$ cat my_file.csv   # CSV, C-alpha atoms
chain,number,residue,atom,x,y,z
A,94,MET,CA,0.0,0.0,0.0
A,95,SER,CA,1.4,3.3,-1.0
A,96,ASN,CA,1.9,6.3,1.3
A,97,LEU,CA,-0.9,8.1,-0.5
A,98,GLN,CA,-3.3,5.2,0.2
A,99,ILE,CA,-2.3,5.0,3.8
A,100,GLY,CA,-2.8,8.8,4.2
A,101,LEU,CA,-6.2,8.6,2.6
A,102,ALA,CA,-7.2,5.7,4.9
A,103,ILE,CA,-6.1,7.6,8.0
A,104,ALA,CA,-7.9,10.7,6.8
A,105,GLY,CA,-11.0,8.7,6.1
A,106,GLY,CA,-10.8,7.2,9.6
A,107,LEU,CA,-10.5,10.6,11.2
A,108,VAL,CA,-13.5,11.9,9.2
A,109,LEU,CA,-15.5,8.8,10.2
A,110,ALA,CA,-14.5,9.3,13.9
A,111,ALA,CA,-15.5,13.0,13.7
A,112,VAL,CA,-18.9,12.1,12.2
A,113,VAL,CA,-19.5,9.5,15.0
A,114,ALA,CA,-18.4,11.9,17.7
A,115,HIS,CA,-20.6,14.7,16.2
A,116,SER,CA,-23.5,12.4,16.1
A,117,ALA,CA,-23.0,11.3,19.7
A,118,TRP,CA,-22.6,15.0,20.8
A,119,SER,CA,-25.8,15.9,18.9
A,120,ALA,CA,-27.7,13.1,20.4
A,121,ARG,CA,-26.5,14.0,23.9
A,122,LYS,CA,-27.4,17.7,23.3
A,123,LEU,CA,-31.0,16.7,22.3
A,124,GLN,CA,-31.3,14.4,25.4
A,125,PRO,CA,-33.5,16.2,28.0
A,126,LYS,CA,-32.1,17.0,31.4
A,127,LEU,CA,-32.8,14.2,33.9
A,128,ALA,CA,-33.4,14.4,37.6
A,129,THR,CA,-30.3,13.8,39.6
A,130,PRO,CA,-30.1,11.2,42.4
A,131,GLU,CA,-30.2,12.9,45.8
A,132,SER,CA,-28.3,11.8,48.9
A,133,PRO,CA,-30.2,10.1,51.7
A,134,ALA,CA,-29.6,13.2,53.9
A,135,GLU,CA,-31.1,15.4,51.3
A,136,ASP,CA,-34.0,13.1,50.5
A,137,ALA,CA,-34.9,12.0,54.0
A,138,SER,CA,-37.8,14.4,54.4
A,139,ALA,CA,-38.9,14.4,50.8
A,140,PRO,CA,-42.3,13.0,49.9
A,141,PRO,CA,-42.4,9.7,48.0
A,142,VAL,CA,-42.2,9.7,44.2
A,143,ILE,CA,-45.2,8.6,42.2
A,144,ALA,CA,-44.1,5.8,40.0
A,145,GLY,CA,-43.5,6.5,36.4
A,146,THR,CA,-44.1,10.3,36.7
A,147,GLY,CA,-41.2,11.7,38.6
A,148,LEU,CA,-43.8,13.6,40.7
A,149,GLN,CA,-43.8,13.6,44.4
A,150,ALA,CA,-46.8,13.1,46.6
A,151,GLY,CA,-47.6,15.7,49.2
A,152,LEU,CA,-47.5,14.5,52.8
A,153,GLY,CA,-48.7,16.4,55.8
A,154,THR,CA,-49.9,19.3,53.7
A,155,GLY,CA,-53.7,19.0,54.4
A,156,LEU,CA,-54.3,18.4,50.7
A,157,GLY,CA,-56.9,15.8,49.6
A,158,THR,CA,-57.2,13.1,47.1
A,159,GLY,CA,-56.8,15.3,44.1
A,160,GLU,CA,-60.5,15.3,43.0
A,161,ARG,CA,-61.4,18.5,41.2
A,162,LEU,CA,-63.9,20.3,43.4
A,163,GLU,CA,-65.4,23.8,43.4
A,164,PRO,CA,-65.3,26.1,46.4
A,165,SER,CA,-68.9,26.1,47.7
A,166,PHE,CA,-70.9,26.1,50.9
A,167,ASP,CA,-68.7,23.3,52.2
A,168,GLY,CA,-65.5,25.2,51.7
A,169,ASN,CA,-63.8,23.1,49.1
A,170,SER,CA,-61.6,24.9,46.6
A,171,ILE,CA,-60.6,24.9,43.1
A,172,PRO,CA,-58.2,27.3,41.7
A,173,GLY,CA,-57.9,27.7,37.9
A,174,ALA,CA,-55.7,26.0,35.3
A,175,ALA,CA,-52.7,27.1,33.5
A,176,ASP,CA,-52.8,28.4,30.0
A,177,SER,CA,-50.0,29.0,27.5
A,178,THR,CA,-49.7,32.8,27.8
A,179,ALA,CA,-47.0,34.4,29.8
A,180,ILE,CA,-49.0,36.9,31.7
A,181,ASP,CA,-52.7,36.4,31.5
A,182,MET,CA,-54.9,38.8,33.5
A,183,ALA,CA,-58.0,37.3,31.9
A,184,LEU,CA,-61.0,39.0,33.4
A,185,ASP,CA,-63.7,36.9,31.7
A,186,THR,CA,-62.2,33.4,31.1
A,187,PRO,CA,-61.3,31.4,34.2
A,188,LEU,CA,-58.1,29.3,34.2
A,189,ASP,CA,-58.6,25.6,34.6
A,190,ILE,CA,-55.8,24.6,36.9
A,191,ASP,CA,-56.5,21.2,38.5
A,192,LEU,CA,-55.3,21.8,42.0
A,193,LEU,CA,-55.8,19.8,45.1
A,194,PRO,CA,-58.9,20.5,47.3
A,195,ALA,CA,-58.4,22.3,50.6
A,196,ILE,CA,-60.5,21.8,53.8
A,197,GLU,CA,-61.7,24.8,55.7
A,198,LYS,CA,-64.5,25.8,58.0
A,199,LYS,CA,-67.8,26.1,56.2
A,200,PRO,CA,-68.5,29.8,55.5
A,201,GLY,CA,-72.3,29.5,55.6
A,202,LEU,CA,-75.0,31.3,53.7
A,203,ASP,CA,-74.4,35.1,53.3
A,204,ALA,CA,-76.9,37.6,51.9
A,205,LEU,CA,-74.0,39.3,50.1
A,206,ILE,CA,-73.6,36.4,47.7
A,207,ASP,CA,-76.6,34.1,48.2
A,208,VAL,CA,-80.3,34.2,47.6
A,209,ILE,CA,-81.8,33.1,51.0
A,210,ALA,CA,-85.3,31.7,51.5
A,211,PRO,CA,-86.4,31.3,55.1
A,212,VAL,CA,-88.3,28.2,56.0
A,213,ALA,CA,-90.6,28.5,59.1
A,214,VAL,CA,-91.7,25.4,61.0
A,215,ASP,CA,-94.3,25.1,63.8
A,216,GLY,CA,-92.3,22.8,66.0
A,217,GLU,CA,-88.9,21.1,66.2
A,218,VAL,CA,-87.6,18.9,63.4
A,219,SER,CA,-85.0,16.2,64.0
A,220,GLY,CA,-81.7,16.2,62.2
A,221,GLU,CA,-82.5,12.8,60.6
A,222,ALA,CA,-85.8,14.2,59.2
A,223,ALA,CA,-83.9,17.3,57.8
A,224,MET,CA,-81.3,15.1,56.2
A,225,ALA,CA,-83.9,12.9,54.6
A,226,ALA,CA,-85.6,16.0,53.2
A,227,MET,CA,-82.5,17.3,51.5
A,228,PRO,CA,-82.6,17.3,47.6
A,229,ALA,CA,-80.6,14.6,45.7
A,230,THR,CA,-78.2,17.3,44.3
A,231,ARG,CA,-76.8,20.4,45.8
A,232,ARG,CA,-76.9,22.6,42.8
A,233,ALA,CA,-79.5,24.7,40.9
A,234,GLY,CA,-78.1,24.7,37.4
A,235,SER,CA,-74.5,25.7,37.7
A,236,LYS,CA,-75.0,27.4,41.1
A,237,PRO,CA,-74.4,25.8,44.6
A,238,PHE,CA,-77.5,25.1,46.6
A,239,ALA,CA,-77.5,24.7,50.4
A,240,VAL,CA,-79.8,24.2,53.4
A,241,GLU,CA,-78.9,25.5,56.9
A,242,CYS,CA,-80.7,24.6,60.1
A,243,LEU,CA,-81.1,26.6,63.3
A,244,ASN,CA,-79.9,24.4,66.1
A,245,THR,CA,-82.4,24.6,69.0
A,246,LEU,CA,-79.8,24.0,71.6
A,247,THR,CA,-76.9,26.1,70.3
A,248,ALA,CA,-78.9,28.7,68.4
A,249,HIS,CA,-76.3,28.4,65.6
A,250,TRP,CA,-77.0,27.8,61.9
A,251,GLU,CA,-75.5,24.6,60.6
A,252,PRO,CA,-76.0,21.8,58.0
A,253,PRO,CA,-78.4,19.1,59.2
A,254,VAL,CA,-76.7,16.7,61.6
A,255,ALA,CA,-78.2,13.5,63.0
A,256,GLY,CA,-79.1,13.6,66.6
A,257,GLN,CA,-79.8,17.4,66.7
A,258,ARG,CA,-83.1,19.3,66.8
A,259,TYR,CA,-83.9,22.3,64.7
A,260,ASN,CA,-86.6,25.0,64.9
A,261,ALA,CA,-86.0,27.0,61.7
A,262,PHE,CA,-84.4,26.5,58.3
A,263,GLN,CA,-83.1,28.5,55.4
A,264,CYS,CA,-82.3,27.5,51.8
A,265,GLY,CA,-79.8,29.4,49.7
A,266,VAL,CA,-78.4,29.5,46.2
A,267,GLN,CA,-75.3,31.4,45.1
A,268,LEU,CA,-75.9,34.5,43.0
A,269,ALA,CA,-72.9,34.2,40.8
A,270,ASN,CA,-69.6,32.3,40.1
A,271,ARG,CA,-67.2,32.0,37.2
A,272,LEU,CA,-69.9,30.3,35.2
A,273,GLY,CA,-72.0,33.5,35.2
A,274,ALA,CA,-74.9,35.0,37.0
A,275,LEU,CA,-77.9,33.2,38.4
A,276,ASN,CA,-80.6,33.2,35.8
A,277,GLN,CA,-84.4,32.8,35.8
A,278,ILE,CA,-84.2,29.1,35.0
A,279,GLU,CA,-81.7,28.5,37.8
A,280,TYR,CA,-83.8,30.6,40.2
A,281,SER,CA,-86.9,28.5,39.4
A,282,GLU,CA,-84.9,25.3,40.0
A,283,PHE,CA,-83.8,26.8,43.4
A,284,VAL,CA,-87.5,27.5,44.3
A,285,MET,CA,-88.5,23.9,43.4
A,286,LYS,CA,-85.7,22.4,45.5
A,287,ALA,CA,-86.3,24.7,48.5
A,288,GLN,CA,-90.1,24.2,48.3
A,289,GLY,CA,-89.6,20.5,48.2
A,290,PHE,CA,-87.4,20.6,51.3
A,291,ALA,CA,-90.0,22.9,53.1
A,292,ASP,CA,-92.8,20.5,52.3
A,293,ALA,CA,-90.8,17.5,53.5
A,294,VAL,CA,-90.1,19.1,56.9
A,295,GLY,CA,-93.7,20.5,57.3
A,296,GLY,CA,-92.5,24.1,56.9
A,297,GLU,CA,-93.4,27.2,54.9
A,298,ALA,CA,-90.8,28.8,52.6
A,299,GLU,CA,-90.7,32.5,51.8
A,300,PHE,CA,-89.0,33.5,48.6
A,301,PRO,CA,-87.7,36.9,47.5
A,302,GLU,CA,-88.8,38.4,44.2
A,303,MET,CA,-87.2,36.6,41.3
A,304,GLY,CA,-86.6,39.8,39.3
A,305,ASP,CA,-84.8,41.5,42.1
A,306,GLU,CA,-82.5,38.6,42.8
A,307,VAL,CA,-81.7,38.0,39.1
A,308,ALA,CA,-80.8,41.7,38.8
A,309,ARG,CA,-78.6,41.5,41.9
A,310,ALA,CA,-76.9,38.4,40.5
A,311,ARG,CA,-76.1,40.3,37.2
A,312,GLU,CA,-74.6,43.2,39.1
A,313,LEU,CA,-72.5,40.8,41.2
A,314,ASP,CA,-71.4,38.9,38.1
A,315,GLN,CA,-70.4,42.2,36.4
A,316,PHE,CA,-68.3,43.2,39.3
A,317,ALA,CA,-66.7,39.7,39.5
A,318,SER,CA,-66.0,39.6,35.8
A,319,GLY,CA,-64.2,43.0,36.0
A,320,HIS,CA,-62.1,42.1,38.9
A,321,ASP,CA,-61.1,38.5,38.3
A,322,ALA,CA,-57.4,38.1,37.6
A,323,GLN,CA,-55.4,35.1,36.9
A,324,LEU,CA,-51.7,35.5,36.1
A,325,SER,CA,-49.4,33.1,34.4
A,326,PHE,CA,-45.7,33.1,33.5
A,327,THR,CA,-44.1,30.8,30.9
A,328,LEU,CA,-40.7,29.5,31.8
A,329,ARG,CA,-38.9,28.4,28.7
A,330,ALA,CA,-35.7,26.3,28.3
A,331,LEU,CA,-32.8,28.3,26.9
A,332,THR,CA,-30.8,25.4,25.5
A,333,THR,CA,-31.3,21.8,26.6
A,334,ALA,CA,-34.9,20.6,27.1
A,335,TRP,CA,-36.1,19.2,30.4
A,336,SER,CA,-37.5,15.8,31.3
A,337,PRO,CA,-40.7,15.6,33.5
A,338,GLY,CA,-38.7,14.2,36.3
A,339,TYR,CA,-36.2,17.1,36.1
A,340,VAL,CA,-39.0,19.6,36.2
A,341,ALA,CA,-40.6,17.9,39.2
A,342,GLN,CA,-37.4,17.6,41.1
A,343,ASN,CA,-36.6,21.3,40.7
A,344,ALA,CA,-40.2,22.3,41.5
A,345,ALA,CA,-40.1,20.1,44.6
A,346,ARG,CA,-37.0,21.9,45.8
A,347,ALA,CA,-39.0,25.2,45.4
A,348,GLY,CA,-41.8,23.7,47.7
A,349,PHE,CA,-44.2,22.3,45.1
A,350,VAL,CA,-46.0,19.0,45.6
A,351,ALA,CA,-47.9,16.8,43.1
A,352,GLY,CA,-51.2,18.1,41.8
A,353,ALA,CA,-54.4,16.3,40.9
A,354,ILE,CA,-53.1,14.9,37.6
A,355,PRO,CA,-49.7,14.2,36.1
A,356,GLY,CA,-48.1,17.3,34.9
A,357,ARG,CA,-49.7,19.5,37.6
A,358,MET,CA,-48.1,20.6,40.8
A,359,VAL,CA,-49.0,23.1,43.5
A,360,LEU,CA,-47.3,25.3,46.1
A,361,PRO,CA,-49.4,24.7,49.3
A,362,ALA,CA,-50.6,27.6,51.4
A,363,ALA,CA,-48.8,28.4,54.6
A,364,GLN,CA,-52.0,27.8,56.6
A,365,ARG,CA,-53.9,24.5,56.5
A,366,GLY,CA,-57.1,24.8,54.5
A,367,GLY,CA,-55.9,27.7,52.3
A,368,ALA,CA,-56.0,27.6,48.6
A,369,PRO,CA,-52.6,26.7,46.9
A,370,LEU,CA,-50.5,29.8,46.5
A,371,LEU,CA,-49.2,28.9,43.0
A,372,GLY,CA,-49.8,26.2,40.3
A,373,LEU,CA,-47.1,24.7,38.0
A,374,ALA,CA,-48.1,22.9,34.8
A,375,PHE,CA,-46.4,21.1,32.0
A,376,ASP,CA,-47.5,18.7,29.2
A,377,THR,CA,-49.8,16.1,30.8
A,378,GLN,CA,-49.1,13.6,27.9
A,379,ALA,CA,-45.4,13.9,28.5
A,380,ALA,CA,-45.8,13.1,32.2
A,381,MET,CA,-48.0,10.1,31.3
A,382,SER,CA,-45.8,8.7,28.5
A,383,GLU,CA,-44.4,5.2,28.7
A,384,ASP,CA,-40.9,6.6,29.3
A,385,PRO,CA,-41.4,10.1,30.6
A,386,GLU,CA,-37.7,10.6,31.3
A,387,GLN,CA,-37.1,10.5,27.5
A,388,THR,CA,-39.7,13.1,26.8
A,389,ALA,CA,-38.4,16.6,26.1
A,390,LEU,CA,-40.2,19.6,27.6
A,391,ARG,CA,-39.4,23.1,26.4
A,392,GLU,CA,-41.5,25.1,28.7
A,393,ILE,CA,-43.6,25.0,31.9
A,394,THR,CA,-46.2,27.5,33.2
A,395,LEU,CA,-46.5,29.1,36.6
A,396,THR,CA,-50.0,30.4,37.6
A,397,LEU,CA,-51.6,32.5,40.3
A,398,ASP,CA,-55.4,32.6,40.8
A,399,VAL,CA,-55.4,36.1,42.5
A,400,PRO,CA,-58.8,36.1,44.2
A,401,GLN,CA,-58.2,32.7,45.7
A,402,VAL,CA,-55.1,33.6,47.7
A,403,PRO,CA,-54.9,36.0,50.7
A,404,ARG,CA,-53.1,39.2,50.1
A,405,ASP,CA,-50.9,38.9,53.2
A,406,GLU,CA,-49.4,35.7,51.7
A,407,GLN,CA,-47.7,38.0,49.1
A,408,PRO,CA,-48.4,35.5,46.3
A,409,PHE,CA,-47.2,37.7,43.5
A,410,ALA,CA,-43.9,38.3,45.2
A,411,ARG,CA,-43.6,34.5,45.7
A,412,MET,CA,-44.5,34.0,42.1
A,413,ARG,CA,-41.7,36.3,40.9
A,414,GLU,CA,-39.2,34.8,43.3
A,415,THR,CA,-40.2,31.2,42.3
A,416,ALA,CA,-40.0,32.0,38.6
A,417,ALA,CA,-36.5,33.5,39.0
A,418,THR,CA,-35.3,30.6,41.2
A,419,LEU,CA,-36.5,28.0,38.7
A,420,ALA,CA,-35.1,29.9,35.7
A,421,ALA,CA,-31.7,30.0,37.4
A,422,SER,CA,-31.7,26.4,38.5
A,423,MET,CA,-33.1,25.0,35.2
A,424,ASP,CA,-31.3,27.3,32.7
A,425,GLY,CA,-34.5,28.9,31.6
A,426,VAL,CA,-36.0,32.3,31.0
A,427,VAL,CA,-39.3,33.8,32.0
A,428,MET,CA,-41.2,34.9,28.9
A,429,ASP,CA,-44.3,36.9,28.0
A,430,GLY,CA,-47.0,35.9,25.5
A,431,ASN,CA,-44.9,37.2,22.6
A,432,GLY,CA,-41.9,35.1,23.5
A,433,ASN,CA,-39.9,38.0,25.0
A,434,PRO,CA,-38.3,38.0,28.4
A,435,ILE,CA,-40.3,39.9,31.0
A,436,ALA,CA,-38.6,43.0,32.2
A,437,PRO,CA,-38.4,43.8,35.9
A,438,ASP,CA,-40.3,47.1,35.4
A,439,ALA,CA,-43.2,45.1,33.8
A,440,MET,CA,-43.3,42.9,36.9
A,441,ASP,CA,-43.4,46.0,39.1
A,442,LEU,CA,-46.3,47.4,37.1
A,443,ILE,CA,-48.3,44.2,37.5
A,444,GLY,CA,-47.6,44.3,41.3
A,445,THR,CA,-48.9,47.8,41.5
A,446,GLU,CA,-52.1,47.0,39.6
A,447,LEU,CA,-52.6,43.9,41.9
A,448,GLU,CA,-52.5,46.1,45.0
A,449,GLN,CA,-55.3,48.3,43.5
A,450,LEU,CA,-57.3,45.1,42.8
A,451,TYR,CA,-56.8,44.0,46.3
A,452,ASP,CA,-58.1,47.3,47.6
A,453,THR,CA,-61.2,47.1,45.5
A,454,LEU,CA,-62.0,43.5,46.6
A,455,ASP,CA,-61.6,44.6,50.2
A,456,GLU,CA,-64.0,47.5,49.7
A,457,ARG,CA,-66.7,45.1,48.4
A,458,GLU,CA,-66.0,42.6,51.3
A,459,PHE,CA,-64.6,40.0,48.9
A,460,SER,CA,-61.1,40.1,50.2
A,461,ALA,CA,-58.8,37.8,48.2
A,462,GLY,CA,-58.6,34.4,49.9
A,463,SER,CA,-61.7,34.9,52.0
A,464,PRO,CA,-64.5,32.3,51.9
A,465,LEU,CA,-66.8,34.7,50.0
A,466,ALA,CA,-64.1,35.5,47.4
A,467,ARG,CA,-63.3,31.8,47.0
A,468,ARG,CA,-66.9,31.0,46.4
A,469,LEU,CA,-67.5,34.0,44.0
A,470,PHE,CA,-64.4,33.4,42.0
A,471,SER,CA,-64.8,29.7,41.5
$ encode --input "my_file.csv" --output "structure tokens"
Amino acid sequence: MSNLQIGLAIAGGLVLAAVVAHSAWSARKLQPKLATPESPAEDASAPPVIAGTGLQAGLGTGLGTGERLEPSFDGNSIPGAADSTAIDMALDTPLDIDLLPAIEKKPGLDALIDVIAPVAVDGEVSGEAAMAAMPATRRAGSKPFAVECLNTLTAHWEPPVAGQRYNAFQCGVQLANRLGALNQIEYSEFVMKAQGFADAVGGEAEFPEMGDEVARARELDQFASGHDAQLSFTLRALTTAWSPGYVAQNAARAGFVAGAIPGRMVLPAAQRGGAPLLGLAFDTQAAMSEDPEQTALREITLTLDVPQVPRDEQPFARMRETAATLAASMDGVVMDGNGNPIAPDAMDLIGTELEQLYDTLDEREFSAGSPLARRLFS
């Protein structure tokens, strides 16, 4: 073999090696970032990981089973879901965040947000009889329906309880929620349910004028629609994509726990029973894939349902801080709806506008995070 042939063979080998190396480098570059093993000391207090998802289950947080529930007369909550926009102060369209339900003390019927129909009875009614008289469903159309009983012994209003005695009742239906204002059809359904309950307990119901209540519902709905704010930031990968496990691991380090479905996580409230402070969402199909660690995610979404979280929790400040922390740890950038990084002065402006919103909600007795606000903005 001549020197020329040897040289060409060597050159060809070098080229082939370069191609193989480049292919390996490219494949490695396209490989999503994976969760890193944690030492026992670091992981001792961490919640267990849900198999196949890389998501951690919340322990000791007061969070429930993950069933999607609406804040109602029983105090269950539902914050809204993430969308793909970077900052969404949507005043008409609620987000659909599937967050975990929270347990809190029942707020009870309130004339500020409910139509209330008193039910008078001649004597006492047992709790068992009141429970048997309850309608099969606790809704009138899309609005929550409830019955409260005046306890003869304690003189407190409460849901019917076996073993108690009651000498008065009241039925109520919510005037408005994120599905709109109470309409005439829903009011008529409320009257039918309340009248059926009254007949069953041998009482007489007194109903307010339909026209007045429907008009009041429209006014309340108009106020709620004009002061309903949900914010979302999009966190986008700068270079290498992320695996679901990598996202979950970094989110868990920031305090998030698993949400109701794969791809959803929440930052629990400081106080038991409070709505989650923030939501975090990424592609559900990616989290549910056969091999989620080989699935590449390019972005995740942080969300804040403003009326659901108390002002003193400083949720927007937490949202900014969390977004910055995750961006730094995951090599990402916080983007707006046009795919541009969000400037600090834009964040400051949003914060100022939120303070004005909080003031307005306080003036109308719908302070953010209060039972009434959580019912109205649900």
$ atom_distance --input "my_file.csv" --atom1 "CA of Val402 in chain A" --atom2 "CA of Tyr339 in chain A"
27.6 Å
$ closest_residue --input "my_file.csv" --among "A:Trp250, A:Phe470, A:Phe290, A:Tyr451" --to "Val214 in chain A" --atoms "only C-alpha atoms"
A:Phe290
$ residues_around --input "my_file.csv" --residues "range 257-267 of chain A" --least-positions-apart "4" --cutoff "7 Å" --atoms "only C-alpha atoms" --output "PyMOL selection string"
chain A and resi 202+206-214+216-220+236-245+283+287
$ residues_around --input "my_file.csv" --residues "Ala330 in chain A" --least-positions-apart "2" --cutoff "9 Å" --atoms "all atoms listed in the file" --output "ChimeraX atom specification"
/A:328,332-335,390-393,420,423-426
$ closest_residue --input "my_file.csv" --among "A:Arg467, A:Arg411, A:Pro337, A:Arg404" --to "Asp455 in chain A" --atoms "only C-alpha atoms"
A:Arg404
$ atom_distance --input "my_file.csv" --atom1 "CA of Tyr280 in chain A" --atom2 "CA of Ala229 in chain A"
17.2 Å
